[in-house]
$ cat input-v4.cif   # mmCIF, N, CA and C atoms
data_start
loop_
_atom_site.group_PDB
_atom_site.id
_atom_site.type_symbol
_atom_site.label_atom_id
_atom_site.label_comp_id
_atom_site.auth_asym_id
_atom_site.auth_seq_id
_atom_site.Cartn_x
_atom_site.Cartn_y
_atom_site.Cartn_z
ATOM 1 N N MET A 1 103.194 100.728 110.309
ATOM 2 C CA MET A 1 102.217 99.655 110.230
ATOM 3 C C MET A 1 102.942 98.326 110.439
ATOM 4 N N ASN A 2 102.311 97.429 111.180
ATOM 5 C CA ASN A 2 102.882 96.095 111.370
ATOM 6 C C ASN A 2 102.021 95.072 110.629
ATOM 7 N N CYS A 3 102.438 93.807 110.672
ATOM 8 C CA CYS A 3 101.751 92.758 109.912
ATOM 9 C C CYS A 3 100.309 92.566 110.369
ATOM 10 N N VAL A 4 100.071 92.581 111.671
ATOM 11 C CA VAL A 4 98.711 92.376 112.178
ATOM 12 C C VAL A 4 97.789 93.476 111.657
ATOM 13 N N HIS A 5 98.236 94.691 111.733
ATOM 14 C CA HIS A 5 97.450 95.835 111.257
ATOM 15 C C HIS A 5 97.190 95.710 109.753
ATOM 16 N N CYS A 6 98.202 95.290 109.015
ATOM 17 C CA CYS A 6 98.069 95.125 107.566
ATOM 18 C C CYS A 6 97.091 93.993 107.238
ATOM 19 N N GLU A 7 97.239 92.848 107.920
ATOM 20 C CA GLU A 7 96.365 91.700 107.674
ATOM 21 C C GLU A 7 94.906 92.052 107.932
ATOM 22 N N GLU A 8 94.655 92.874 108.935
ATOM 23 C CA GLU A 8 93.280 93.274 109.263
ATOM 24 C C GLU A 8 92.665 94.149 108.172
ATOM 25 N N ARG A 9 93.497 94.750 107.342
ATOM 26 C CA ARG A 9 93.011 95.685 106.336
ATOM 27 C C ARG A 9 93.116 95.184 104.900
ATOM 28 N N ILE A 10 93.671 94.000 104.703
ATOM 29 C CA ILE A 10 93.881 93.528 103.337
ATOM 30 C C ILE A 10 92.566 93.370 102.581
ATOM 31 N N SER A 11 91.536 92.846 103.222
ATOM 32 C CA SER A 11 90.238 92.712 102.534
ATOM 33 C C SER A 11 89.714 94.077 102.103
ATOM 34 N N ASP A 12 89.780 95.036 103.006
ATOM 35 C CA ASP A 12 89.339 96.390 102.669
ATOM 36 C C ASP A 12 90.208 96.986 101.565
ATOM 37 N N TYR A 13 91.487 96.678 101.595
ATOM 38 C CA TYR A 13 92.411 97.145 100.561
ATOM 39 C C TYR A 13 91.985 96.599 99.198
ATOM 40 N N LEU A 14 91.693 95.297 99.148
ATOM 41 C CA LEU A 14 91.297 94.668 97.888
ATOM 42 C C LEU A 14 89.954 95.196 97.389
ATOM 43 N N GLU A 15 89.076 95.557 98.312
ATOM 44 C CA GLU A 15 87.759 96.083 97.939
ATOM 45 C C GLU A 15 87.808 97.573 97.609
ATOM 46 N N GLY A 16 88.925 98.220 97.905
ATOM 47 C CA GLY A 16 89.065 99.645 97.626
ATOM 48 C C GLY A 16 88.304 100.524 98.600
ATOM 49 N N SER A 17 88.111 100.035 99.823
ATOM 50 C CA SER A 17 87.315 100.807 100.783
ATOM 51 C C SER A 17 88.150 101.505 101.859
ATOM 52 N N LEU A 18 89.459 101.522 101.700
ATOM 53 C CA LEU A 18 90.316 102.227 102.658
ATOM 54 C C LEU A 18 90.449 103.695 102.268
ATOM 55 N N SER A 19 90.707 104.513 103.251
ATOM 56 C CA SER A 19 91.016 105.916 102.941
ATOM 57 C C SER A 19 92.353 105.938 102.204
ATOM 58 N N GLN A 20 92.629 107.030 101.556
ATOM 59 C CA GLN A 20 93.885 107.126 100.793
ATOM 60 C C GLN A 20 95.096 106.973 101.704
ATOM 61 N N ALA A 21 95.027 107.547 102.906
ATOM 62 C CA ALA A 21 96.152 107.450 103.839
ATOM 63 C C ALA A 21 96.373 106.006 104.276
ATOM 64 N N GLU A 22 95.291 105.278 104.580
ATOM 65 C CA GLU A 22 95.419 103.878 104.978
ATOM 66 C C GLU A 22 95.910 103.036 103.812
ATOM 67 N N ARG A 23 95.396 103.313 102.625
ATOM 68 C CA ARG A 23 95.826 102.574 101.431
ATOM 69 C C ARG A 23 97.332 102.757 101.215
ATOM 70 N N ASN A 24 97.802 103.980 101.355
ATOM 71 C CA ASN A 24 99.234 104.254 101.203
ATOM 72 C C ASN A 24 100.049 103.504 102.249
ATOM 73 N N ALA A 25 99.558 103.467 103.485
ATOM 74 C CA ALA A 25 100.272 102.773 104.558
ATOM 75 C C ALA A 25 100.340 101.277 104.277
ATOM 76 N N VAL A 26 99.244 100.694 103.811
ATOM 77 C CA VAL A 26 99.238 99.263 103.476
ATOM 78 C C VAL A 26 100.209 98.999 102.328
ATOM 79 N N GLU A 27 100.173 99.825 101.300
ATOM 80 C CA GLU A 27 101.065 99.638 100.153
ATOM 81 C C GLU A 27 102.528 99.749 100.560
ATOM 82 N N LEU A 28 102.837 100.680 101.436
ATOM 83 C CA LEU A 28 104.204 100.830 101.932
ATOM 84 C C LEU A 28 104.637 99.573 102.681
ATOM 85 N N HIS A 29 103.742 99.044 103.513
ATOM 86 C CA HIS A 29 104.055 97.825 104.259
ATOM 87 C C HIS A 29 104.232 96.645 103.308
ATOM 88 N N LEU A 30 103.375 96.547 102.298
ATOM 89 C CA LEU A 30 103.461 95.437 101.349
ATOM 90 C C LEU A 30 104.779 95.445 100.581
ATOM 91 N N GLU A 31 105.301 96.620 100.311
ATOM 92 C CA GLU A 31 106.589 96.728 99.621
ATOM 93 C C GLU A 31 107.722 96.154 100.461
ATOM 94 N N ALA A 32 107.594 96.264 101.783
ATOM 95 C CA ALA A 32 108.672 95.853 102.680
ATOM 96 C C ALA A 32 108.479 94.460 103.272
ATOM 97 N N CYS A 33 107.274 93.888 103.167
ATOM 98 C CA CYS A 33 106.984 92.633 103.867
ATOM 99 C C CYS A 33 106.564 91.541 102.878
ATOM 100 N N ALA A 34 107.427 90.567 102.705
ATOM 101 C CA ALA A 34 107.155 89.469 101.771
ATOM 102 C C ALA A 34 105.978 88.612 102.235
ATOM 103 N N ASP A 35 105.843 88.418 103.545
ATOM 104 C CA ASP A 35 104.748 87.584 104.061
ATOM 105 C C ASP A 35 103.389 88.208 103.769
ATOM 106 N N CYS A 36 103.244 89.482 104.014
ATOM 107 C CA CYS A 36 101.971 90.155 103.757
ATOM 108 C C CYS A 36 101.706 90.246 102.253
ATOM 109 N N LYS A 37 102.745 90.417 101.476
ATOM 110 C CA LYS A 37 102.588 90.445 100.028
ATOM 111 C C LYS A 37 102.103 89.093 99.524
ATOM 112 N N GLN A 38 102.613 88.028 100.111
ATOM 113 C CA GLN A 38 102.182 86.675 99.744
ATOM 114 C C GLN A 38 100.715 86.461 100.142
ATOM 115 N N LEU A 39 100.330 86.961 101.308
ATOM 116 C CA LEU A 39 98.939 86.878 101.746
ATOM 117 C C LEU A 39 98.035 87.625 100.773
ATOM 118 N N LEU A 40 98.433 88.810 100.362
ATOM 119 C CA LEU A 40 97.661 89.596 99.408
ATOM 120 C C LEU A 40 97.503 88.842 98.087
ATOM 121 N N THR A 41 98.563 88.233 97.615
ATOM 122 C CA THR A 41 98.510 87.464 96.378
ATOM 123 C C THR A 41 97.536 86.297 96.510
ATOM 124 N N GLY A 42 97.607 85.580 97.617
ATOM 125 C CA GLY A 42 96.708 84.455 97.843
ATOM 126 C C GLY A 42 95.253 84.887 97.912
ATOM 127 N N MET A 43 94.994 85.969 98.616
ATOM 128 C CA MET A 43 93.622 86.458 98.727
ATOM 129 C C MET A 43 93.104 86.949 97.370
ATOM 130 N N SER A 44 93.958 87.563 96.598
ATOM 131 C CA SER A 44 93.572 88.019 95.255
ATOM 132 C C SER A 44 93.206 86.834 94.375
ATOM 133 N N GLU A 45 93.981 85.749 94.483
ATOM 134 C CA GLU A 45 93.695 84.548 93.695
ATOM 135 C C GLU A 45 92.358 83.929 94.097
ATOM 136 N N VAL A 46 92.064 83.897 95.388
ATOM 137 C CA VAL A 46 90.790 83.353 95.860
ATOM 138 C C VAL A 46 89.628 84.195 95.343
ATOM 139 N N LEU A 47 89.763 85.511 95.401
ATOM 140 C CA LEU A 47 88.708 86.387 94.902
ATOM 141 C C LEU A 47 88.501 86.192 93.401
ATOM 142 N N GLN A 48 89.586 86.049 92.669
ATOM 143 C CA GLN A 48 89.495 85.830 91.225
ATOM 144 C C GLN A 48 88.812 84.499 90.936
ATOM 145 N N TRP A 49 89.165 83.474 91.702
ATOM 146 C CA TRP A 49 88.531 82.175 91.534
ATOM 147 C C TRP A 49 87.035 82.275 91.800
ATOM 148 N N GLY A 50 86.663 82.999 92.848
ATOM 149 C CA GLY A 50 85.252 83.169 93.182
ATOM 150 C C GLY A 50 84.471 83.868 92.084
ATOM 151 N N ARG A 51 85.100 84.805 91.405
ATOM 152 C CA ARG A 51 84.433 85.514 90.314
ATOM 153 C C ARG A 51 84.192 84.607 89.117
ATOM 154 N N SER A 52 85.047 83.618 88.944
ATOM 155 C CA SER A 52 84.918 82.728 87.789
ATOM 156 C C SER A 52 84.067 81.497 88.094
ATOM 157 N N PHE A 53 83.644 81.347 89.338
ATOM 158 C CA PHE A 53 82.840 80.192 89.728
ATOM 159 C C PHE A 53 81.464 80.299 89.081
ATOM 160 N N PRO A 54 80.976 79.209 88.494
ATOM 161 C CA PRO A 54 79.680 79.288 87.812
ATOM 162 C C PRO A 54 78.524 79.533 88.787
ATOM 163 N N VAL A 55 77.518 80.244 88.300
ATOM 164 C CA VAL A 55 76.316 80.528 89.081
ATOM 165 C C VAL A 55 75.182 79.709 88.475
ATOM 166 N N TYR A 56 74.532 78.937 89.319
ATOM 167 C CA TYR A 56 73.437 78.095 88.852
ATOM 168 C C TYR A 56 72.111 78.653 89.336
ATOM 169 N N ALA A 57 71.102 78.542 88.487
ATOM 170 C CA ALA A 57 69.762 78.971 88.872
ATOM 171 C C ALA A 57 69.137 77.909 89.772
ATOM 172 N N ALA A 58 68.429 78.370 90.788
ATOM 173 C CA ALA A 58 67.747 77.450 91.700
ATOM 174 C C ALA A 58 66.518 76.866 91.007
ATOM 175 N N PRO A 59 66.199 75.614 91.309
ATOM 176 C CA PRO A 59 64.983 75.038 90.725
ATOM 177 C C PRO A 59 63.747 75.840 91.158
ATOM 178 N N ALA A 60 62.746 75.898 90.316
ATOM 179 C CA ALA A 60 61.557 76.695 90.570
ATOM 180 C C ALA A 60 60.833 76.265 91.849
ATOM 181 N N ASP A 61 60.894 74.981 92.190
ATOM 182 C CA ASP A 61 60.166 74.498 93.360
ATOM 183 C C ASP A 61 61.015 74.460 94.638
ATOM 184 N N LEU A 62 62.162 75.053 94.606
ATOM 185 C CA LEU A 62 63.067 74.997 95.761
ATOM 186 C C LEU A 62 62.438 75.603 97.017
ATOM 187 N N GLN A 63 61.843 76.768 96.875
ATOM 188 C CA GLN A 63 61.276 77.448 98.039
ATOM 189 C C GLN A 63 60.186 76.596 98.690
ATOM 190 N N SER A 64 59.309 76.024 97.908
ATOM 191 C CA SER A 64 58.243 75.204 98.491
ATOM 192 C C SER A 64 58.795 73.927 99.122
ATOM 193 N N ARG A 65 59.854 73.360 98.539
ATOM 194 C CA ARG A 65 60.471 72.160 99.130
ATOM 195 C C ARG A 65 61.141 72.493 100.463
ATOM 196 N N ILE A 66 61.743 73.658 100.578
ATOM 197 C CA ILE A 66 62.390 74.067 101.829
ATOM 198 C C ILE A 66 61.329 74.266 102.912
ATOM 199 N N ILE A 67 60.255 74.944 102.549
ATOM 200 C CA ILE A 67 59.193 75.211 103.519
ATOM 201 C C ILE A 67 58.532 73.913 103.984
ATOM 202 N N ALA A 68 58.371 72.976 103.059
ATOM 203 C CA ALA A 68 57.750 71.694 103.404
ATOM 204 C C ALA A 68 58.686 70.918 104.295
#
$ encode --input "input-v4.cif" --output "structure tokens"
Amino acid sequence: MNCVHCEERISDYLEGSLSQAERNAVELHLEACADCKQLLTGMSEVLQWGRSFPVYAAPADLQSRIIA
């Protein structure tokens, strides 16, 4: 596996949607490649930040204001 192949699969890796063989290949590459490991760390931090972002309820009249 090379960096381009790994980068294309990091999102799927984080979501747990890779096959076991692909997951193993990505993990093997991450052990050997500091750049891809850094990318994985950064993407993990962004996902964690997104999970902690507050969710606000939309105002009740939002739909009618958009349509108008």
$ atom_distance --input "input-v4.cif" --atom1 "atom CA of A:Phe53" --atom2 "atom C of A:Leu14"
18.3 Å
$ resolve_selection --input "input-v4.cif" --expression "the PyMOL selection byres (((chain A and resi 30-46 and name CA) around 12) and name CA)" --output "number ranges by chain"
A: 1-15, 23-29, 47-53
$ write_last_selection --input "input-v4.cif" --atoms "N, CA and C atoms" --output "compact mmCIF listing (two decimals), in the coordinates of the input"
# COMPACT_ATOMS: atom_id res chain seq x y z
N MET A 1 103.19 100.73 110.31
CA MET A 1 102.22 99.66 110.23
C MET A 1 102.94 98.33 110.44
N ASN A 2 102.31 97.43 111.18
CA ASN A 2 102.88 96.10 111.37
C ASN A 2 102.02 95.07 110.63
N CYS A 3 102.44 93.81 110.67
CA CYS A 3 101.75 92.76 109.91
C CYS A 3 100.31 92.57 110.37
N VAL A 4 100.07 92.58 111.67
CA VAL A 4 98.71 92.38 112.18
C VAL A 4 97.79 93.48 111.66
N HIS A 5 98.24 94.69 111.73
CA HIS A 5 97.45 95.84 111.26
C HIS A 5 97.19 95.71 109.75
N CYS A 6 98.20 95.29 109.02
CA CYS A 6 98.07 95.12 107.57
C CYS A 6 97.09 93.99 107.24
N GLU A 7 97.24 92.85 107.92
CA GLU A 7 96.36 91.70 107.67
C GLU A 7 94.91 92.05 107.93
N GLU A 8 94.66 92.87 108.94
CA GLU A 8 93.28 93.27 109.26
C GLU A 8 92.66 94.15 108.17
N ARG A 9 93.50 94.75 107.34
CA ARG A 9 93.01 95.68 106.34
C ARG A 9 93.12 95.18 104.90
N ILE A 10 93.67 94.00 104.70
CA ILE A 10 93.88 93.53 103.34
C ILE A 10 92.57 93.37 102.58
N SER A 11 91.54 92.85 103.22
CA SER A 11 90.24 92.71 102.53
C SER A 11 89.71 94.08 102.10
N ASP A 12 89.78 95.04 103.01
CA ASP A 12 89.34 96.39 102.67
C ASP A 12 90.21 96.99 101.56
N TYR A 13 91.49 96.68 101.60
CA TYR A 13 92.41 97.14 100.56
C TYR A 13 91.98 96.60 99.20
N LEU A 14 91.69 95.30 99.15
CA LEU A 14 91.30 94.67 97.89
C LEU A 14 89.95 95.20 97.39
N GLU A 15 89.08 95.56 98.31
CA GLU A 15 87.76 96.08 97.94
C GLU A 15 87.81 97.57 97.61
N ARG A 23 95.40 103.31 102.62
CA ARG A 23 95.83 102.57 101.43
C ARG A 23 97.33 102.76 101.22
N ASN A 24 97.80 103.98 101.36
CA ASN A 24 99.23 104.25 101.20
C ASN A 24 100.05 103.50 102.25
N ALA A 25 99.56 103.47 103.48
CA ALA A 25 100.27 102.77 104.56
C ALA A 25 100.34 101.28 104.28
N VAL A 26 99.24 100.69 103.81
CA VAL A 26 99.24 99.26 103.48
C VAL A 26 100.21 99.00 102.33
N GLU A 27 100.17 99.82 101.30
CA GLU A 27 101.06 99.64 100.15
C GLU A 27 102.53 99.75 100.56
N LEU A 28 102.84 100.68 101.44
CA LEU A 28 104.20 100.83 101.93
C LEU A 28 104.64 99.57 102.68
N HIS A 29 103.74 99.04 103.51
CA HIS A 29 104.06 97.82 104.26
C HIS A 29 104.23 96.64 103.31
N LEU A 47 89.76 85.51 95.40
CA LEU A 47 88.71 86.39 94.90
C LEU A 47 88.50 86.19 93.40
N GLN A 48 89.59 86.05 92.67
CA GLN A 48 89.50 85.83 91.22
C GLN A 48 88.81 84.50 90.94
N TRP A 49 89.16 83.47 91.70
CA TRP A 49 88.53 82.18 91.53
C TRP A 49 87.04 82.28 91.80
N GLY A 50 86.66 83.00 92.85
CA GLY A 50 85.25 83.17 93.18
C GLY A 50 84.47 83.87 92.08
N ARG A 51 85.10 84.80 91.40
CA ARG A 51 84.43 85.51 90.31
C ARG A 51 84.19 84.61 89.12
N SER A 52 85.05 83.62 88.94
CA SER A 52 84.92 82.73 87.79
C SER A 52 84.07 81.50 88.09
N PHE A 53 83.64 81.35 89.34
CA PHE A 53 82.84 80.19 89.73
C PHE A 53 81.46 80.30 89.08
$ select_by_dssp --input "input-v4.cif" --residues "chain A" --states "helix (DSSP H, G or I)" --output "number ranges by chain"
A: 3-15, 20-32, 34-52, 62-67
$ axis_aligned_box --input "input-v4.cif" --around "stretch 53-56 of chain A" --padding-each-side "8 Å" --output "AutoDock Vina command-line options"
--center_x 77.9 --center_y 79.7 --center_z 88.8 --size_x 27.5 --size_y 19.3 --size_z 17.9
